[in-house]
Amino acid sequence: MRKVIGNVGILVVVVALLAGCSDMEEPSTDTVSSAQPEGTPEAPVTESEIAEVEVEPLVVEISTQVALRSDRRLMVEGKSNLPDGTQVRIVVEREISRVRWQARTQIENGQFAAGPFGSGSGLPDGGYDVRVEVSEGSVQPVAVQARIGHEGQHLAGELVSQSRHGLGQVATYSQRFLVGSEPRQTRDQVEVLESPGR
């Protein structure tokens, strides 16, 4: 009787070992993807391959209208062909003192607006530079990056230049705006301008 129990015990151990070994075997590779040849590992798609998708260059167009309110502060409105959601910065800078005011906004339905710009007492007479600066591609929303590129590489045209910070291409539009009348020149300044050879 002890021999039978001992043999049964050995048999149970052997069966358990065989079952354990069969669980450790490599899974069968009977199913092969029809798109992938047998034996070739599937390569993951990288971000650079996604970026290589052919995107037509976008020739940037921006225009602005500047209006002086009754309190002598500026409102800036504009149009652009950049995609909706594009982040832009509007800067108004006084030519003489280089004092500046700025605001961030975004393009919606091909338009943007910002303001009022200037101090509470209004803007003094003189020339002002109104700039529209398109932020770097890396800080734009994903939908905008899909059109202009992560580094603005799909932007084109005369308004496009390299970012000062080395973050790709950006676009900048500039317009001069005059508040009041041009500063008068003295007679000596006019003479010097007329005869520069002296």
# chains A, B, ... in the order shown; residues from 1 in each chain; ligands from 1
>>> residues_around(residues="Arg100 (chain A)", least_positions_apart="5", cutoff="12 Å", atoms="only C-alpha atoms", output="ChimeraX atom specification")
/A:90-95,117-119,123,128-131
>>> write_last_selection(atoms="C-alpha atoms", output="PDB file, in the first residue's frame")
ATOM      1  CA  ILE A  90       0.464  93.112 -29.772  1.00  0.00           C
ATOM      2  CA  VAL A  91       3.090  95.715 -28.857  1.00  0.00           C
ATOM      3  CA  VAL A  92       2.672  99.499 -29.051  1.00  0.00           C
ATOM      4  CA  GLU A  93       5.978 101.367 -28.593  1.00  0.00           C
ATOM      5  CA  ARG A  94       6.602 105.110 -28.530  1.00  0.00           C
ATOM      6  CA  GLU A  95       9.464 105.939 -30.906  1.00  0.00           C
ATOM      7  CA  PHE A 117      -2.942 100.827 -25.098  1.00  0.00           C
ATOM      8  CA  GLY A 118      -1.449 103.822 -23.301  1.00  0.00           C
ATOM      9  CA  SER A 119      -1.438 105.428 -19.883  1.00  0.00           C
ATOM     10  CA  LEU A 123      -0.725 109.034 -25.460  1.00  0.00           C
ATOM     11  CA  TYR A 128       4.368 104.909 -32.440  1.00  0.00           C
ATOM     12  CA  ASP A 129       5.365 101.486 -33.706  1.00  0.00           C
ATOM     13  CA  VAL A 130       2.543  98.919 -33.650  1.00  0.00           C
ATOM     14  CA  ARG A 131       3.788  95.315 -33.897  1.00  0.00           C
TER      15      ARG A 131
END
>>> residues_around(residues="Ser161 (chain A)", least_positions_apart="2", cutoff="7 Å", atoms="only C-alpha atoms", output="VMD selection string")
chain A and resid 159 163 169 to 171
>>> write_last_selection(atoms="N, CA and C atoms", output="tab-separated table (two decimals), in the first residue's frame")
chain	number	residue	atom	x	y	z
A	159	LEU	N	7.19	88.32	-43.86
A	159	LEU	CA	7.01	88.62	-42.44
A	159	LEU	C	7.71	87.59	-41.54
A	163	SER	N	13.59	83.07	-34.96
A	163	SER	CA	13.38	83.56	-33.60
A	163	SER	C	14.71	83.98	-32.99
A	169	GLN	N	11.10	79.45	-36.52
A	169	GLN	CA	10.65	80.63	-37.25
A	169	GLN	C	9.44	81.28	-36.57
A	170	VAL	N	9.41	82.61	-36.65
A	170	VAL	CA	8.27	83.39	-36.16
A	170	VAL	C	7.89	84.40	-37.22
A	171	ALA	N	6.74	85.03	-37.05
A	171	ALA	CA	6.30	86.07	-37.98
A	171	ALA	C	6.06	87.35	-37.20
>>> atom_distance(atom1="CA of Gln140 (chain A)", atom2="CA of Gln87 (chain A)")
6.3 Å
>>> closest_residue(among="A:Val132, A:Glu77, A:Leu68, A:Pro124", to="Val99 (chain A)", atoms="only C-alpha atoms")
A:Pro124
>>> residues_around(residues="Gly137 (chain A)", least_positions_apart="3", cutoff="6 Å", atoms="only C-alpha atoms", output="ChimeraX atom specification")
/A:140,145,150-152
>>> closest_residue(among="A:Gly149, A:Val134, A:Gly122, A:Val179", to="Ser70 (chain A)", atoms="only C-alpha atoms")
A:Gly122
>>> residues_around(residues="Val144 (chain A)", least_positions_apart="2", cutoff="9 Å", atoms="only C-alpha atoms", output="JSON list (two decimals) with C-alpha atoms, in the first residue's frame")
[["chain", "number", "residue", "atom", "x", "y", "z"],
["A", 82, "LEU", "CA", -2.99, 82.20, -39.63],
["A", 83, "PRO", "CA", -5.08, 79.35, -38.17],
["A", 84, "ASP", "CA", -7.66, 80.05, -35.49],
["A", 85, "GLY", "CA", -6.18, 79.82, -32.01],
["A", 86, "THR", "CA", -2.77, 81.22, -33.06],
["A", 137, "GLY", "CA", 5.43, 77.29, -32.67],
["A", 140, "GLN", "CA", 1.09, 77.32, -29.83],
["A", 141, "PRO", "CA", -1.90, 74.96, -29.41],
["A", 142, "VAL", "CA", -1.52, 71.50, -30.97],
["A", 146, "ALA", "CA", -0.13, 70.90, -37.00],
["A", 147, "ARG", "CA", -0.42, 73.69, -39.59],
["A", 148, "ILE", "CA", 2.62, 75.92, -38.89],
["A", 149, "GLY", "CA", 5.00, 73.27, -37.51],
["A", 150, "HIS", "CA", 6.44, 72.74, -34.02]]
>>> closest_residue(among="A:Glu56, A:Phe112, A:Glu133, A:Ile96", to="Gln175 (chain A)", atoms="only C-alpha atoms")
A:Glu133
>>> select_by_dssp(residues="region 82-190 of chain A", states="alpha helix (DSSP H)", output="number ranges by chain")
A: 142-148, 187-190
>>> residues_around(residues="Leu178 (chain A)", least_positions_apart="3", cutoff="9 Å", atoms="only C-alpha atoms", output="PyMOL selection string")
chain A and resi 125-129+181-182
>>> write_last_selection(atoms="N, CA and C atoms", output="PDB file, in the first residue's frame")
ATOM      1  N   ASP A 125       1.525 113.257 -28.306  1.00  0.00           N
ATOM      2  CA  ASP A 125       1.747 113.307 -29.750  1.00  0.00           C
ATOM      3  C   ASP A 125       3.092 112.696 -30.107  1.00  0.00           C
ATOM      4  N   GLY A 126       3.151 112.104 -31.271  1.00  0.00           N
ATOM      5  CA  GLY A 126       4.399 111.520 -31.744  1.00  0.00           C
ATOM      6  C   GLY A 126       4.165 110.235 -32.507  1.00  0.00           C
ATOM      7  N   GLY A 127       5.269 109.618 -32.911  1.00  0.00           N
ATOM      8  CA  GLY A 127       5.198 108.384 -33.684  1.00  0.00           C
ATOM      9  C   GLY A 127       5.208 107.162 -32.778  1.00  0.00           C
ATOM     10  N   TYR A 128       4.455 106.171 -33.184  1.00  0.00           N
ATOM     11  CA  TYR A 128       4.368 104.909 -32.440  1.00  0.00           C
ATOM     12  C   TYR A 128       4.529 103.747 -33.410  1.00  0.00           C
ATOM     13  N   ASP A 129       5.192 102.700 -32.924  1.00  0.00           N
ATOM     14  CA  ASP A 129       5.365 101.486 -33.706  1.00  0.00           C
ATOM     15  C   ASP A 129       4.386 100.446 -33.160  1.00  0.00           C
ATOM     16  N   SER A 181       0.519 115.538 -34.711  1.00  0.00           N
ATOM     17  CA  SER A 181       1.278 115.913 -35.920  1.00  0.00           C
ATOM     18  C   SER A 181       2.755 115.606 -35.715  1.00  0.00           C
ATOM     19  N   GLU A 182       3.493 115.537 -36.837  1.00  0.00           N
ATOM     20  CA  GLU A 182       4.936 115.279 -36.776  1.00  0.00           C
ATOM     21  C   GLU A 182       5.607 116.386 -35.973  1.00  0.00           C
TER      22      GLU A 182
END
>>> select_by_dssp(residues="region 68-142 of chain A", states="strand (DSSP E or B)", output="PyMOL selection string")
chain A and resi 68+74-80+87-94+100-106+108+111-117+126-134
>>> residues_around(residues="Ala113 (chain A)", least_positions_apart="6", cutoff="12 Å", atoms="only C-alpha atoms", output="list in words")
Ser63, Thr64, Gln65, Val66, Ala67, Leu74, Met75, Val76, Glu77, Gly78, Lys79, Ser80, Gln87, Val88, Arg89, Ile90, Val91, Ala103, Arg104, Thr105, Gln106, Ile107 and Val132 of chain A
>>> write_last_selection(atoms="N, CA, C and O atoms", output="PDB file, in the first residue's frame")
ATOM      1  N   SER A  63      -2.589  92.203 -41.327  1.00  0.00           N
ATOM      2  CA  SER A  63      -2.843  93.630 -41.525  1.00  0.00           C
ATOM      3  C   SER A  63      -3.498  94.164 -40.259  1.00  0.00           C
ATOM      4  O   SER A  63      -4.145  93.408 -39.522  1.00  0.00           O
ATOM      5  N   THR A  64      -3.297  95.454 -39.980  1.00  0.00           N
ATOM      6  CA  THR A  64      -3.871  96.047 -38.772  1.00  0.00           C
ATOM      7  C   THR A  64      -4.572  97.359 -39.082  1.00  0.00           C
ATOM      8  O   THR A  64      -4.256  98.031 -40.066  1.00  0.00           O
ATOM      9  N   GLN A  65      -5.511  97.705 -38.213  1.00  0.00           N
ATOM     10  CA  GLN A  65      -6.151  99.014 -38.204  1.00  0.00           C
ATOM     11  C   GLN A  65      -5.995  99.556 -36.793  1.00  0.00           C
ATOM     12  O   GLN A  65      -6.319  98.851 -35.824  1.00  0.00           O
ATOM     13  N   VAL A  66      -5.476 100.751 -36.693  1.00  0.00           N
ATOM     14  CA  VAL A  66      -5.234 101.362 -35.393  1.00  0.00           C
ATOM     15  C   VAL A  66      -6.158 102.557 -35.254  1.00  0.00           C
ATOM     16  O   VAL A  66      -6.272 103.372 -36.173  1.00  0.00           O
ATOM     17  N   ALA A  67      -6.824 102.648 -34.113  1.00  0.00           N
ATOM     18  CA  ALA A  67      -7.752 103.754 -33.869  1.00  0.00           C
ATOM     19  C   ALA A  67      -7.427 104.424 -32.541  1.00  0.00           C
ATOM     20  O   ALA A  67      -7.140 103.742 -31.551  1.00  0.00           O
ATOM     21  N   LEU A  74      -4.912 103.821 -27.664  1.00  0.00           N
ATOM     22  CA  LEU A  74      -5.007 103.116 -28.950  1.00  0.00           C
ATOM     23  C   LEU A  74      -5.735 101.782 -28.836  1.00  0.00           C
ATOM     24  O   LEU A  74      -5.535 101.029 -27.889  1.00  0.00           O
ATOM     25  N   MET A  75      -6.535 101.498 -29.845  1.00  0.00           N
ATOM     26  CA  MET A  75      -7.132 100.178 -30.037  1.00  0.00           C
ATOM     27  C   MET A  75      -6.523  99.597 -31.312  1.00  0.00           C
ATOM     28  O   MET A  75      -6.377 100.312 -32.303  1.00  0.00           O
ATOM     29  N   VAL A  76      -6.168  98.334 -31.269  1.00  0.00           N
ATOM     30  CA  VAL A  76      -5.572  97.671 -32.433  1.00  0.00           C
ATOM     31  C   VAL A  76      -6.458  96.499 -32.836  1.00  0.00           C
ATOM     32  O   VAL A  76      -6.793  95.647 -32.015  1.00  0.00           O
ATOM     33  N   GLU A  77      -6.868  96.485 -34.103  1.00  0.00           N
ATOM     34  CA  GLU A  77      -7.619  95.365 -34.677  1.00  0.00           C
ATOM     35  C   GLU A  77      -6.871  94.898 -35.907  1.00  0.00           C
ATOM     36  O   GLU A  77      -6.141  95.670 -36.529  1.00  0.00           O
ATOM     37  N   GLY A  78      -7.040  93.647 -36.262  1.00  0.00           N
ATOM     38  CA  GLY A  78      -6.332  93.156 -37.432  1.00  0.00           C
ATOM     39  C   GLY A  78      -6.929  91.901 -38.004  1.00  0.00           C
ATOM     40  O   GLY A  78      -7.857  91.311 -37.459  1.00  0.00           O
ATOM     41  N   LYS A  79      -6.357  91.514 -39.149  1.00  0.00           N
ATOM     42  CA  LYS A  79      -6.758  90.295 -39.853  1.00  0.00           C
ATOM     43  C   LYS A  79      -5.514  89.494 -40.178  1.00  0.00           C
ATOM     44  O   LYS A  79      -4.431  90.052 -40.367  1.00  0.00           O
ATOM     45  N   SER A  80      -5.685  88.177 -40.265  1.00  0.00           N
ATOM     46  CA  SER A  80      -4.568  87.307 -40.621  1.00  0.00           C
ATOM     47  C   SER A  80      -5.095  86.002 -41.194  1.00  0.00           C
ATOM     48  O   SER A  80      -6.215  85.584 -40.888  1.00  0.00           O
ATOM     49  N   GLN A  87      -1.581  82.143 -31.147  1.00  0.00           N
ATOM     50  CA  GLN A  87      -1.275  83.108 -30.090  1.00  0.00           C
ATOM     51  C   GLN A  87      -0.394  84.224 -30.663  1.00  0.00           C
ATOM     52  O   GLN A  87       0.634  83.951 -31.280  1.00  0.00           O
ATOM     53  N   VAL A  88      -0.816  85.476 -30.448  1.00  0.00           N
ATOM     54  CA  VAL A  88      -0.036  86.625 -30.911  1.00  0.00           C
ATOM     55  C   VAL A  88       0.116  87.630 -29.773  1.00  0.00           C
ATOM     56  O   VAL A  88      -0.683  87.660 -28.843  1.00  0.00           O
ATOM     57  N   ARG A  89       1.159  88.435 -29.883  1.00  0.00           N
ATOM     58  CA  ARG A  89       1.385  89.513 -28.920  1.00  0.00           C
ATOM     59  C   ARG A  89       1.333  90.828 -29.680  1.00  0.00           C
ATOM     60  O   ARG A  89       1.981  90.982 -30.712  1.00  0.00           O
ATOM     61  N   ILE A  90       0.565  91.783 -29.173  1.00  0.00           N
ATOM     62  CA  ILE A  90       0.464  93.112 -29.772  1.00  0.00           C
ATOM     63  C   ILE A  90       1.300  94.061 -28.922  1.00  0.00           C
ATOM     64  O   ILE A  90       1.132  94.119 -27.698  1.00  0.00           O
ATOM     65  N   VAL A  91       2.213  94.776 -29.560  1.00  0.00           N
ATOM     66  CA  VAL A  91       3.090  95.715 -28.857  1.00  0.00           C
ATOM     67  C   VAL A  91       2.925  97.093 -29.468  1.00  0.00           C
ATOM     68  O   VAL A  91       2.987  97.247 -30.690  1.00  0.00           O
ATOM     69  N   ALA A 103      -0.056  93.387 -25.092  1.00  0.00           N
ATOM     70  CA  ALA A 103      -1.167  92.507 -24.714  1.00  0.00           C
ATOM     71  C   ALA A 103      -1.084  91.246 -25.552  1.00  0.00           C
ATOM     72  O   ALA A 103      -0.652  91.281 -26.708  1.00  0.00           O
ATOM     73  N   ARG A 104      -1.517  90.140 -24.960  1.00  0.00           N
ATOM     74  CA  ARG A 104      -1.567  88.862 -25.686  1.00  0.00           C
ATOM     75  C   ARG A 104      -3.007  88.582 -26.073  1.00  0.00           C
ATOM     76  O   ARG A 104      -3.923  88.842 -25.319  1.00  0.00           O
ATOM     77  N   THR A 105      -3.174  88.041 -27.270  1.00  0.00           N
ATOM     78  CA  THR A 105      -4.504  87.675 -27.748  1.00  0.00           C
ATOM     79  C   THR A 105      -4.342  86.516 -28.721  1.00  0.00           C
ATOM     80  O   THR A 105      -3.226  86.013 -28.919  1.00  0.00           O
ATOM     81  N   GLN A 106      -5.428  86.087 -29.332  1.00  0.00           N
ATOM     82  CA  GLN A 106      -5.338  85.004 -30.308  1.00  0.00           C
ATOM     83  C   GLN A 106      -6.241  85.297 -31.495  1.00  0.00           C
ATOM     84  O   GLN A 106      -7.154  86.114 -31.402  1.00  0.00           O
ATOM     85  N   ILE A 107      -5.951  84.630 -32.588  1.00  0.00           N
ATOM     86  CA  ILE A 107      -6.713  84.832 -33.818  1.00  0.00           C
ATOM     87  C   ILE A 107      -7.964  83.958 -33.775  1.00  0.00           C
ATOM     88  O   ILE A 107      -7.884  82.770 -33.468  1.00  0.00           O
ATOM     89  N   VAL A 132       2.733  93.232 -34.416  1.00  0.00           N
ATOM     90  CA  VAL A 132       2.026  91.981 -34.148  1.00  0.00           C
ATOM     91  C   VAL A 132       3.080  90.887 -34.232  1.00  0.00           C
ATOM     92  O   VAL A 132       3.682  90.681 -35.281  1.00  0.00           O
TER      93      VAL A 132
END
>>> atom_distance(atom1="CA of Ile62 (chain A)", atom2="CA of His165 (chain A)")
22.4 Å
>>> atom_distance(atom1="CA of Gln111 (chain A)", atom2="CA of Gln153 (chain A)")
22.6 Å
>>> residues_around(residues="Ala156 (chain A)", least_positions_apart="2", cutoff="8 Å", atoms="only C-alpha atoms", output="number ranges by chain")
A: 57-60, 154, 158-160
>>> decode(residues="region 75-151 of chain A", atoms="C-alpha atoms", output="compact mmCIF listing (two decimals), in the first residue's frame")
# COMPACT_ATOMS: atom_id res chain seq x y z
CA MET A 75 -7.13 100.18 -30.04
CA VAL A 76 -5.57 97.67 -32.43
CA GLU A 77 -7.62 95.37 -34.68
CA GLY A 78 -6.33 93.16 -37.43
CA LYS A 79 -6.76 90.29 -39.85
CA SER A 80 -4.57 87.31 -40.62
CA ASN A 81 -4.61 84.04 -42.56
CA LEU A 82 -2.99 82.20 -39.63
CA PRO A 83 -5.08 79.35 -38.17
CA ASP A 84 -7.66 80.05 -35.49
CA GLY A 85 -6.18 79.82 -32.01
CA THR A 86 -2.77 81.22 -33.06
CA GLN A 87 -1.28 83.11 -30.09
CA VAL A 88 -0.04 86.62 -30.91
CA ARG A 89 1.38 89.51 -28.92
CA ILE A 90 0.46 93.11 -29.77
CA VAL A 91 3.09 95.71 -28.86
CA VAL A 92 2.67 99.50 -29.05
CA GLU A 93 5.98 101.37 -28.59
CA ARG A 94 6.60 105.11 -28.53
CA GLU A 95 9.46 105.94 -30.91
CA ILE A 96 11.08 108.70 -28.83
CA SER A 97 11.06 107.18 -25.33
CA ARG A 98 10.80 103.45 -26.22
CA VAL A 99 8.03 103.13 -23.62
CA ARG A 100 5.87 100.19 -24.60
CA TRP A 101 2.52 98.59 -23.85
CA GLN A 102 1.66 95.04 -24.80
CA ALA A 103 -1.17 92.51 -24.71
CA ARG A 104 -1.57 88.86 -25.69
CA THR A 105 -4.50 87.67 -27.75
CA GLN A 106 -5.34 85.00 -30.31
CA ILE A 107 -6.71 84.83 -33.82
CA GLU A 108 -10.38 83.87 -34.11
CA ASN A 109 -12.17 83.65 -37.48
CA GLY A 110 -9.16 85.31 -39.12
CA GLN A 111 -9.32 88.38 -36.84
CA PHE A 112 -7.79 89.69 -33.61
CA ALA A 113 -8.17 92.76 -31.39
CA ALA A 114 -6.42 94.21 -28.36
CA GLY A 115 -6.33 97.39 -26.31
CA PRO A 116 -6.66 100.02 -25.15
CA PHE A 117 -2.94 100.83 -25.10
CA GLY A 118 -1.45 103.82 -23.30
CA SER A 119 -1.44 105.43 -19.88
CA GLY A 120 -4.55 106.72 -18.17
CA SER A 121 -3.77 110.27 -19.29
CA GLY A 122 -3.54 109.17 -22.93
CA LEU A 123 -0.72 109.03 -25.46
CA PRO A 124 1.35 112.15 -26.15
CA ASP A 125 1.75 113.31 -29.75
CA GLY A 126 4.40 111.52 -31.74
CA GLY A 127 5.20 108.38 -33.68
CA TYR A 128 4.37 104.91 -32.44
CA ASP A 129 5.37 101.49 -33.71
CA VAL A 130 2.54 98.92 -33.65
CA ARG A 131 3.79 95.31 -33.90
CA VAL A 132 2.03 91.98 -34.15
CA GLU A 133 4.35 89.17 -33.06
CA VAL A 134 3.37 85.54 -33.65
CA SER A 135 4.57 83.40 -30.72
CA GLU A 136 6.96 80.49 -31.32
CA GLY A 137 5.43 77.29 -32.67
CA SER A 138 6.36 75.30 -29.55
CA VAL A 139 3.98 77.37 -27.37
CA GLN A 140 1.09 77.32 -29.83
CA PRO A 141 -1.90 74.96 -29.41
CA VAL A 142 -1.52 71.50 -30.97
CA ALA A 143 -3.99 72.28 -33.78
CA VAL A 144 -1.95 75.38 -34.73
CA GLN A 145 1.34 73.43 -34.58
CA ALA A 146 -0.13 70.90 -37.00
CA ARG A 147 -0.42 73.69 -39.59
CA ILE A 148 2.62 75.92 -38.89
CA GLY A 149 5.00 73.27 -37.51
CA HIS A 150 6.44 72.74 -34.02
CA GLU A 151 9.24 75.19 -34.87
